[in-house]
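What follows is a single structure, written as structure tokens, with notes after it.
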Amino acid sequence: MKVKKSMQRILSTLAALAIAAAQMAVPALAQTDGTAGMTEAEISEAFKKQKTRGLSIVPTVTPDATDPAAAAPQVVVAELPKDEQVNINISFDFDSSALRADQKPRLASLCNVMKTSDVKLFRIVGHTDSAGSDSYNQKLSLLRAEEVKRFLESDCGIPADRMEALGVGSRYPFDAANPRADSNRRVEFQALS
């Protein structure tokens, strides 16, 4: 019962935040489209906005320990407003989660910002387009987020305990009008604390 009430409070908070974000009418940051990306200043500013808001729009909910029917802890995910997203359009080969060598330079600006940021925990959120089943896309998006996390740890020197990987499949397309668009296959970064 407590978990259900907690979920209702979280959903109410998410709805209020979505309405407030829609009313802000802030111009969107440059979206990485394969040729242009976010500058270090834009990435840093997006992380500051996320941190200032407390990013409670992506909370972790734990079940009531006294409820025997309660499942394992679940992550409730909501889409950030586009002007606060830090999206890096990393291309992966078909049916692969391996980070291609030609995609690694795209993470360089992000790496520099993460190293100098006072953000203590980043969430790496993998997205897919709508091709494939929901369960397949869920697994693939998580594998891709984990691969980016491994790269940032091994090649960039970001401590593993400052990052967590999450896959959301195709649930939050950047281009909702074209669910199979390349721009929907992306990795998003969120400042959690």
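Ligands are numbered from 1 in the order shown, residues from 1 within each chain, and chains are lettered A, B, ... in the order they appear in the structure tokens.
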
Find the residues around segment 132-134 of chain A up to 12 Å (only C-alpha atoms counted), leave out those fewer than 2 positions away in its own chain, and share them as an mmCIF file with N, CA and C atoms, in the first residue's frame.
```cif
data_model
loop_
_atom_site.group_PDB
_atom_site.id
_atom_site.type_symbol
_atom_site.label_atom_id
_atom_site.label_comp_id
_atom_site.auth_asym_id
_atom_site.auth_seq_id
_atom_site.Cartn_x
_atom_site.Cartn_y
_atom_site.Cartn_z
ATOM 1 N N PHE A 94 24.537 -2.428 -36.607
ATOM 2 C CA PHE A 94 23.284 -3.161 -36.468
ATOM 3 C C PHE A 94 23.468 -4.348 -35.521
ATOM 4 N N ASP A 95 22.550 -4.475 -34.588
ATOM 5 C CA ASP A 95 22.529 -5.606 -33.652
ATOM 6 C C ASP A 95 23.815 -5.700 -32.836
ATOM 7 N N HIS A 127 18.922 4.740 -25.432
ATOM 8 C CA HIS A 127 17.657 4.756 -26.173
ATOM 9 C C HIS A 127 17.848 4.007 -27.486
ATOM 10 N N THR A 128 16.760 3.478 -28.024
ATOM 11 C CA THR A 128 16.771 2.850 -29.344
ATOM 12 C C THR A 128 15.667 3.469 -30.190
ATOM 13 N N ASP A 129 15.675 3.136 -31.481
ATOM 14 C CA ASP A 129 14.521 3.496 -32.300
ATOM 15 C C ASP A 129 13.472 2.400 -32.094
ATOM 16 N N SER A 130 12.394 2.437 -32.850
ATOM 17 C CA SER A 130 11.290 1.498 -32.609
ATOM 18 C C SER A 130 11.426 0.175 -33.346
ATOM 19 N N TYR A 136 13.634 -6.725 -26.779
ATOM 20 C CA TYR A 136 14.931 -6.640 -27.450
ATOM 21 C C TYR A 136 15.500 -5.228 -27.313
ATOM 22 N N ASN A 137 14.669 -4.217 -27.577
ATOM 23 C CA ASN A 137 15.126 -2.831 -27.480
ATOM 24 C C ASN A 137 15.536 -2.472 -26.060
ATOM 25 N N GLN A 138 14.824 -3.008 -25.085
ATOM 26 C CA GLN A 138 15.176 -2.753 -23.691
ATOM 27 C C GLN A 138 16.588 -3.280 -23.396
ATOM 28 N N LYS A 139 16.846 -4.515 -23.793
ATOM 29 C CA LYS A 139 18.165 -5.124 -23.564
ATOM 30 C C LYS A 139 19.260 -4.390 -24.328
ATOM 31 N N LEU A 140 18.984 -4.080 -25.589
ATOM 32 C CA LEU A 140 19.984 -3.416 -26.422
ATOM 33 C C LEU A 140 20.309 -2.018 -25.882
ATOM 34 N N SER A 141 19.293 -1.281 -25.461
ATOM 35 C CA SER A 141 19.542 0.066 -24.934
ATOM 36 C C SER A 141 20.389 0.017 -23.668
ATOM 37 N N GLY A 167 18.769 1.427 -19.448
ATOM 38 C CA GLY A 167 18.220 1.317 -20.795
ATOM 39 C C GLY A 167 16.722 1.531 -20.753
ATOM 40 N N VAL A 168 16.210 2.306 -21.706
ATOM 41 C CA VAL A 168 14.771 2.564 -21.753
ATOM 42 C C VAL A 168 14.159 2.153 -23.090
ATOM 43 N N GLY A 169 14.922 1.440 -23.900
ATOM 44 C CA GLY A 169 14.390 0.965 -25.174
ATOM 45 C C GLY A 169 13.976 2.116 -26.074
ATOM 46 N N SER A 170 12.786 1.985 -26.653
ATOM 47 C CA SER A 170 12.285 2.992 -27.594
ATOM 48 C C SER A 170 11.170 3.843 -26.997
ATOM 49 N N ARG A 171 11.027 3.833 -25.665
ATOM 50 C CA ARG A 171 9.900 4.516 -25.002
ATOM 51 C C ARG A 171 9.904 6.029 -25.139
ATOM 52 N N PRO A 179 9.408 7.341 -35.375
ATOM 53 C CA PRO A 179 9.968 6.462 -34.340
ATOM 54 C C PRO A 179 11.195 5.662 -34.760
ATOM 55 N N ARG A 180 11.427 5.513 -36.063
ATOM 56 C CA ARG A 180 12.605 4.768 -36.525
ATOM 57 C C ARG A 180 13.750 5.692 -36.933
#
```

key: Separation of atom CA of Asp175 of chain A from atom CA of Glu40 of chain A, in Å and rounded to one decimal   =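 Those two atoms sit 23.5 Å apart.
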
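Atom CA of Met38 of chain A to atom CA of Phe151 of chain A spans 19.1 Å [interatomic distance, one decimal].
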
task = Tell me, as an MDAnalysis selection string, which residues lie within 10 Å of Asn112 of chain A, counting only C-alpha atoms; anything in the same chain fewer than 2 positions away does not count.
result = chainID A and resid 40 44 107:110 114:117 156 158

Those residues with C-alpha atoms, as a CSV table (one decimal), in the first residue's frame please?
```csv
chain,number,residue,atom,x,y,z
A,40,GLU,CA,31.2,21.7,-23.7
A,44,SER,CA,27.8,22.0,-18.7
A,107,LEU,CA,32.4,11.6,-26.2
A,108,ALA,CA,35.5,13.8,-25.7
A,109,SER,CA,33.6,17.0,-24.9
A,110,LEU,CA,31.3,15.1,-22.5
A,114,MET,CA,32.3,15.2,-16.5
A,115,LYS,CA,35.8,15.5,-15.2
A,116,THR,CA,35.4,19.1,-14.1
A,117,SER,CA,31.8,18.9,-12.9
A,156,CYS,CA,38.3,8.9,-19.8
A,158,ILE,CA,35.6,8.7,-14.8
```

Interatomic distance (Å, one decimal) between atom CA of Ala191 of chain A and atom CA of Phe47 of chain A =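 Pair atom CA of Ala191 of chain A / atom CA of Phe47 of chain A returns 5.6 Å.
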
ask   = With only C-alpha atoms as the basis for distance, which of A:Lys49, A:Arg123, A:Lys149, A:Lys104 is at the shortest distance from Phe92 of chain A?
value =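 Checking each candidate against Phe92 of chain A, we get A:Lys104 as the closest.
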